[in-house]
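**Student:** What follows is a single structure, and I will ask about it in a moment.
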Amino acid sequence: MLKPHKNLLNMGAISREEIEIIFNAASAMKEICLRDIKKVPTLRGKTIMNLFFEPSTRTRSSFEVAEKRLSADTINFSASSSSITKGETLIDTANNLQAMNPDAIVIRHPLSGASDLLAAHMNTPVINAGDGMHEHPTQALLDIFTIIEKTGGLQGLKISIIGDITHSRVARSDVIGMTKMGAGVTICGPPTMIPPGIEELGAKVTYDINKALDGADVVIMLRLQLERQRQMLFPSTREYSKYYGLTSKRLANTSKNIIIMHPGPVNRGVEISSDIVDGPWSLILDQVNNGVAVRMAILYLYVIGDSDASFA
Ligand code: CP
């Protein structure tokens with residue numbers, strides 16, 4: 001049962017067993033997504049508020065699709081359409097939203113810790129849809145679900161995460177979740193983009209992309225998060241691409257069964273070449289597809305909280 005957890009704020013808070021409960025529910029949700037009529041009454045009468053204070057394509061739309069497929073009533077806020085622009089604080093926003101008795105809040109925010117702050121001021125479950133450079137737990141869950149679907153499990157798998165690790169909430173959540181599920185995780189990037197202490201989360205570190213690719217079963221490429229970098233951390237994107245970009249030439253020396261993933265948005269020709277994005281190794285669109293089922297499962301389990309019920 002996920003009942004003891006009011007919120008989903010980070011990957012450290014949930015156990016391997018609880019991750020498996022989410023995936024069991026996600027498999028059932030995936031079956032619903034394949035039906036002609038992709039809608040069940042599971043969250044009928046429940047109200048979900050989506051607060052997106054930062055741009056998003058995949059996360060925002062997949063939460064909305066997930067909510068609609070579960071028949072929830074959804075309310076969408078963006079930074080520009082909320083009273084945050086008039087100086088209202090996040091805590092005042094939380095208090096006002098709480099007064100309307102929603103059944104769950106989904107929040108994306110540019111500041112690390114914003115979802116924790118909101119959760120501390122609300123009785124309603126809060127789902128972190130990405131907070132600054134901190135965590136993106138629903139992305140990690142859909143990444144792990146996608147790998148399990150393809151390989152059967154993470155135990156003993158070698159996973160390399162390559163790119164701007166310092167500014168990546170996905171990297172942090174993936175390292176925590178994937179090591180918990182038994183994978184060996186290596187992170188790779190320029191020294192200026194590797195945060196101190198990342199080994200404490202259970203990851204190995206290399207600065208050499210060829211070493212990161214050697215023997216890897218799964219490679220997760222991350223974009224340069226220029227919007228979060230206060231200064232340029234590499235001489236130019238062209239040089240970054242030369243030393244850390246994934247190309248078919250680099251891929252030629254890897255396992256034939258290698259899996260390539262990317263949480264998006266992809267910068268084609270910078271961290272990954274177009275032929276790899278669209279090639280047979282790529283699970284990038286499978287990640288997006290699974291994002292809906294995994295988020296349906298999360299909403300169900302955090303709003304209703306019964307892992308034994310039928311969803312049909
Ligand atoms: N993966 C991800 O968070 O993408 P969006 O920023 O488009 O939501």
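Please note that chains go A, B, ... in the order of the structure tokens, that every chain numbers its residues from 1, and that ligands are numbered from 1 in the order shown.
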Counting only C-alpha atoms, what is within 9 Å of Ile105 of chain A, bar same-chain residues fewer than 6 positions away, as a ChimeraX atom specification?
**Tutor:** /A:47-51,97,119,124-128
**Student:** The selected residues should be written to file as a short mmCIF file (atom, residue, chain, number, x, y, z; two decimals), in the first residue's frame (atoms: N, CA and C atoms).
**Tutor:**
data_model
loop_
_atom_site.label_atom_id
_atom_site.label_comp_id
_atom_site.auth_asym_id
_atom_site.auth_seq_id
_atom_site.Cartn_x
_atom_site.Cartn_y
_atom_site.Cartn_z
N THR A 47 -10.93 15.99 -7.97
CA THR A 47 -10.41 17.18 -8.64
C THR A 47 -8.89 17.21 -8.53
N ILE A 48 -8.21 17.29 -9.68
CA ILE A 48 -6.74 17.36 -9.69
C ILE A 48 -6.33 18.73 -10.24
N MET A 49 -5.45 19.40 -9.51
CA MET A 49 -4.95 20.70 -9.96
C MET A 49 -3.52 20.53 -10.48
N ASN A 50 -3.29 20.99 -11.70
CA ASN A 50 -1.95 20.93 -12.31
C ASN A 50 -1.34 22.33 -12.28
N LEU A 51 -0.28 22.48 -11.48
CA LEU A 51 0.38 23.79 -11.36
C LEU A 51 1.71 23.72 -12.09
N LEU A 97 -5.43 27.22 -2.59
CA LEU A 97 -5.83 26.00 -3.31
C LEU A 97 -6.43 24.99 -2.33
N ALA A 119 3.85 20.85 -0.27
CA ALA A 119 3.32 19.67 0.44
C ALA A 119 3.22 19.93 1.94
N THR A 124 -3.66 17.91 1.04
CA THR A 124 -3.88 17.18 -0.21
C THR A 124 -2.58 16.53 -0.68
N PRO A 125 -2.62 15.33 -1.32
CA PRO A 125 -1.41 14.75 -1.89
C PRO A 125 -0.78 15.68 -2.93
N VAL A 126 0.55 15.80 -2.87
CA VAL A 126 1.30 16.62 -3.84
C VAL A 126 2.22 15.69 -4.63
N ILE A 127 2.14 15.80 -5.94
CA ILE A 127 3.01 15.01 -6.83
C ILE A 127 4.01 15.97 -7.47
N ASN A 128 5.30 15.68 -7.28
CA ASN A 128 6.35 16.52 -7.84
C ASN A 128 6.55 16.19 -9.32
#
**Student:** Set the cut-off to 6 Å, count only C-alpha atoms and all ligand atoms, and list whatever residues fall near ligand 1 as a list in words.
**Tutor:** Ser56, Thr57, Arg58, Thr59, Arg60, Pro263, Gly264 and Pro265 of chain A
**Student:** Between segment 3-121 of chain A and segment 220-227 of chain A, at 12 Å or less, what are the per-residue closest atom pairs and their distances in Å? Count only C-alpha atoms, order by chain and rising residue number, and return it as a Markdown table.
**Tutor:**
| residue | atom | partner | partner_atom | distance |
| --- | --- | --- | --- | --- |
| A:Glu54 | CA | A:Glu227 | CA | 11.3 |
| A:Pro55 | CA | A:Glu227 | CA | 11.5 |
| A:Pro110 | CA | A:Glu227 | CA | 10.1 |
**Student:** Determine, counting only C-alpha atoms, which protein, DNA and RNA residues have an atom within 12 Å of an atom of Ile32 of chain A; residues of the same chain fewer than 2 positions away are not included. Present the result as JSON, numbers by chain.
**Tutor:** {"A": [25, 26, 27, 28, 29, 30, 34, 35, 36, 37, 38, 39, 40, 41, 42, 66, 69, 70, 292, 293, 294, 296, 297, 310, 311, 312]}
**Student:** Mind dumping the selected residues with C-alpha atoms as a PDB file, in the first residue's frame?
**Tutor:**
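As written to disk, part-v9.pdb reads:
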ATOM      1  CA  ALA A  25      -0.913  -0.628 -11.449  1.00  0.00           C
ATOM      2  CA  ALA A  26       0.802   0.949 -14.482  1.00  0.00           C
ATOM      3  CA  SER A  27       0.580  -2.348 -16.405  1.00  0.00           C
ATOM      4  CA  ALA A  28      -3.173  -2.414 -15.786  1.00  0.00           C
ATOM      5  CA  MET A  29      -3.402   1.255 -16.825  1.00  0.00           C
ATOM      6  CA  LYS A  30      -1.460   0.490 -20.003  1.00  0.00           C
ATOM      7  CA  LEU A  34      -4.895   0.310 -25.563  1.00  0.00           C
ATOM      8  CA  ARG A  35      -8.701   0.082 -25.533  1.00  0.00           C
ATOM      9  CA  ASP A  36     -10.948   1.775 -28.096  1.00  0.00           C
ATOM     10  CA  ILE A  37     -12.531   3.766 -25.284  1.00  0.00           C
ATOM     11  CA  LYS A  38      -9.595   4.794 -23.100  1.00  0.00           C
ATOM     12  CA  LYS A  39     -11.555   5.979 -20.110  1.00  0.00           C
ATOM     13  CA  VAL A  40     -12.496   4.492 -16.736  1.00  0.00           C
ATOM     14  CA  PRO A  41     -14.502   6.084 -13.885  1.00  0.00           C
ATOM     15  CA  THR A  42     -11.770   5.498 -11.268  1.00  0.00           C
ATOM     16  CA  ALA A  66      -3.813  10.439 -17.418  1.00  0.00           C
ATOM     17  CA  ARG A  69      -8.528   8.790 -18.802  1.00  0.00           C
ATOM     18  CA  LEU A  70      -9.303   8.291 -15.098  1.00  0.00           C
ATOM     19  CA  VAL A 292       0.687   8.210 -19.366  1.00  0.00           C
ATOM     20  CA  ALA A 293       0.182   4.743 -17.822  1.00  0.00           C
ATOM     21  CA  VAL A 294       2.709   5.352 -15.031  1.00  0.00           C
ATOM     22  CA  MET A 296      -2.377   7.130 -14.219  1.00  0.00           C
ATOM     23  CA  ALA A 297      -1.072   4.561 -11.712  1.00  0.00           C
ATOM     24  CA  SER A 310      -9.572  -3.353 -10.067  1.00  0.00           C
ATOM     25  CA  PHE A 311      -9.304  -0.343 -12.379  1.00  0.00           C
ATOM     26  CA  ALA A 312     -11.779  -1.494 -15.003  1.00  0.00           C
TER      27      ALA A 312
END
**Student:** Go through A:Ala99, A:Ala104, A:Ala114, A:Val185 one by one, measure the shortest atom-to-atom distance of each to Tyr300 of chain A using only C-alpha atoms, and give the residue with the smallest value.
**Tutor:** A:Ala104
**Student:** Skipping near chain neighbours, those fewer than 3 positions away, what residues fall within 10 Å of Gly156 of chain A using only C-alpha atoms, listed as a ChimeraX atom specification?
**Tutor:** /A:153,159,179,181-185,217
**Student:** Write the selection just made, keeping N, CA and C atoms, as an mmCIF file, in the first residue's frame?
**Tutor:**
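Output file selection-v1.cif is given in full below:
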data_model
loop_
_atom_site.group_PDB
_atom_site.id
_atom_site.type_symbol
_atom_site.label_atom_id
_atom_site.label_comp_id
_atom_site.auth_asym_id
_atom_site.auth_seq_id
_atom_site.Cartn_x
_atom_site.Cartn_y
_atom_site.Cartn_z
ATOM 1 N N GLY A 153 13.946 -6.603 -16.177
ATOM 2 C CA GLY A 153 14.295 -6.137 -14.825
ATOM 3 C C GLY A 153 15.602 -5.367 -14.831
ATOM 4 N N ILE A 159 23.746 0.803 -16.455
ATOM 5 C CA ILE A 159 23.058 1.977 -17.015
ATOM 6 C C ILE A 159 23.992 3.171 -16.930
ATOM 7 N N THR A 179 19.427 2.503 -8.894
ATOM 8 C CA THR A 179 20.275 1.739 -7.981
ATOM 9 C C THR A 179 19.394 0.951 -7.000
ATOM 10 N N MET A 181 16.659 -0.384 -7.661
ATOM 11 C CA MET A 181 16.109 -1.541 -8.377
ATOM 12 C C MET A 181 17.202 -2.530 -8.796
ATOM 13 N N GLY A 182 18.457 -2.295 -8.368
ATOM 14 C CA GLY A 182 19.514 -3.286 -8.589
ATOM 15 C C GLY A 182 20.445 -3.008 -9.747
ATOM 16 N N ALA A 183 20.288 -1.882 -10.438
ATOM 17 C CA ALA A 183 21.178 -1.572 -11.570
ATOM 18 C C ALA A 183 22.487 -0.959 -11.070
ATOM 19 N N GLY A 184 23.551 -1.109 -11.870
ATOM 20 C CA GLY A 184 24.792 -0.383 -11.631
ATOM 21 C C GLY A 184 24.762 0.868 -12.501
ATOM 22 N N VAL A 185 24.817 2.030 -11.895
ATOM 23 C CA VAL A 185 24.655 3.278 -12.653
ATOM 24 C C VAL A 185 25.981 4.033 -12.709
ATOM 25 N N ASP A 217 24.261 -1.499 -20.919
ATOM 26 C CA ASP A 217 23.022 -2.079 -21.457
ATOM 27 C C ASP A 217 22.040 -0.972 -21.837
#
**Student:** Show which residues sit within 9 Å of Thr93 of chain A, as an mmCIF file with all heavy atoms, in the first residue's frame. Count only C-alpha atoms, and ignore same-chain residues fewer than 6 positions away.
**Tutor:**
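Final output, saved to result.cif:
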data_model
loop_
_atom_site.group_PDB
_atom_site.id
_atom_site.type_symbol
_atom_site.label_atom_id
_atom_site.label_comp_id
_atom_site.auth_asym_id
_atom_site.auth_seq_id
_atom_site.Cartn_x
_atom_site.Cartn_y
_atom_site.Cartn_z
ATOM 1 N N SER A 82 -1.469 32.702 -13.101
ATOM 2 C CA SER A 82 -1.789 32.666 -11.674
ATOM 3 C C SER A 82 -1.411 34.001 -11.025
ATOM 4 O O SER A 82 -0.702 34.823 -11.619
ATOM 5 C CB SER A 82 -1.005 31.529 -10.989
ATOM 6 O OG SER A 82 0.313 31.940 -10.731
ATOM 7 N N SER A 83 -1.848 34.183 -9.771
ATOM 8 C CA SER A 83 -1.568 35.440 -9.075
ATOM 9 C C SER A 83 -0.142 35.509 -8.548
ATOM 10 O O SER A 83 0.221 36.473 -7.871
ATOM 11 C CB SER A 83 -2.577 35.655 -7.950
ATOM 12 O OG SER A 83 -3.826 35.986 -8.517
ATOM 13 N N ILE A 84 0.672 34.480 -8.850
ATOM 14 C CA ILE A 84 2.121 34.549 -8.548
ATOM 15 C C ILE A 84 2.701 35.788 -9.245
ATOM 16 O O ILE A 84 3.579 36.457 -8.706
ATOM 17 C CB ILE A 84 2.819 33.256 -9.035
ATOM 18 C CG1 ILE A 84 2.323 32.055 -8.231
ATOM 19 C CG2 ILE A 84 4.342 33.393 -9.041
ATOM 20 C CD1 ILE A 84 3.234 31.403 -7.253
ATOM 21 N N LEU A 118 5.252 23.209 -0.844
ATOM 22 C CA LEU A 118 3.801 23.140 -1.082
ATOM 23 C C LEU A 118 3.189 22.014 -0.249
ATOM 24 O O LEU A 118 2.164 22.192 0.417
ATOM 25 C CB LEU A 118 3.540 22.904 -2.575
ATOM 26 C CG LEU A 118 2.117 23.127 -3.052
ATOM 27 C CD1 LEU A 118 1.823 24.614 -3.156
ATOM 28 C CD2 LEU A 118 1.891 22.467 -4.409
#
**Student:** Output as an MDAnalysis selection string all residues of segment 143-285 of chain A that backbone DSSP marks as strand (DSSP E or B).
**Tutor:** chainID A and resid 158:162 184:188 204:206 218:221 246 259:261 268 272 282
**Student:** Point out the residue among A:Val266, A:Leu154, A:Leu201, A:Leu141 with the least atom-to-atom distance to Glu18 of chain A, counting only C-alpha atoms.
**Tutor:**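 Of A:Val266, A:Leu154, A:Leu201, A:Leu141, the one nearest Glu18 of chain A, counting only C-alpha atoms, is A:Leu141.
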**Student:** Taking into account only C-alpha atoms, which residue in the set A:Gln98, A:Thr254, A:Leu8, A:Leu283 is nearest to Ser115 of chain A?
**Tutor:**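 Of all the options, A:Leu8 lies closest to Ser115 of chain A.
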**Student:** For a quick check of understanding, using only C-alpha atoms, which of A:Met193, A:Leu246, A:Met261, A:Leu233 has the smallest distance to Asn210 of chain A?
**Tutor:**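 Residue with the minimum atom-to-atom distance to Asn210 of chain A: A:Leu246.
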**Student:** Taking only C-alpha atoms into account, which of A:Met122, A:Met133, A:Ile258, A:Ile22 comes nearest Asn101 of chain A?
**Tutor:** A:Met122
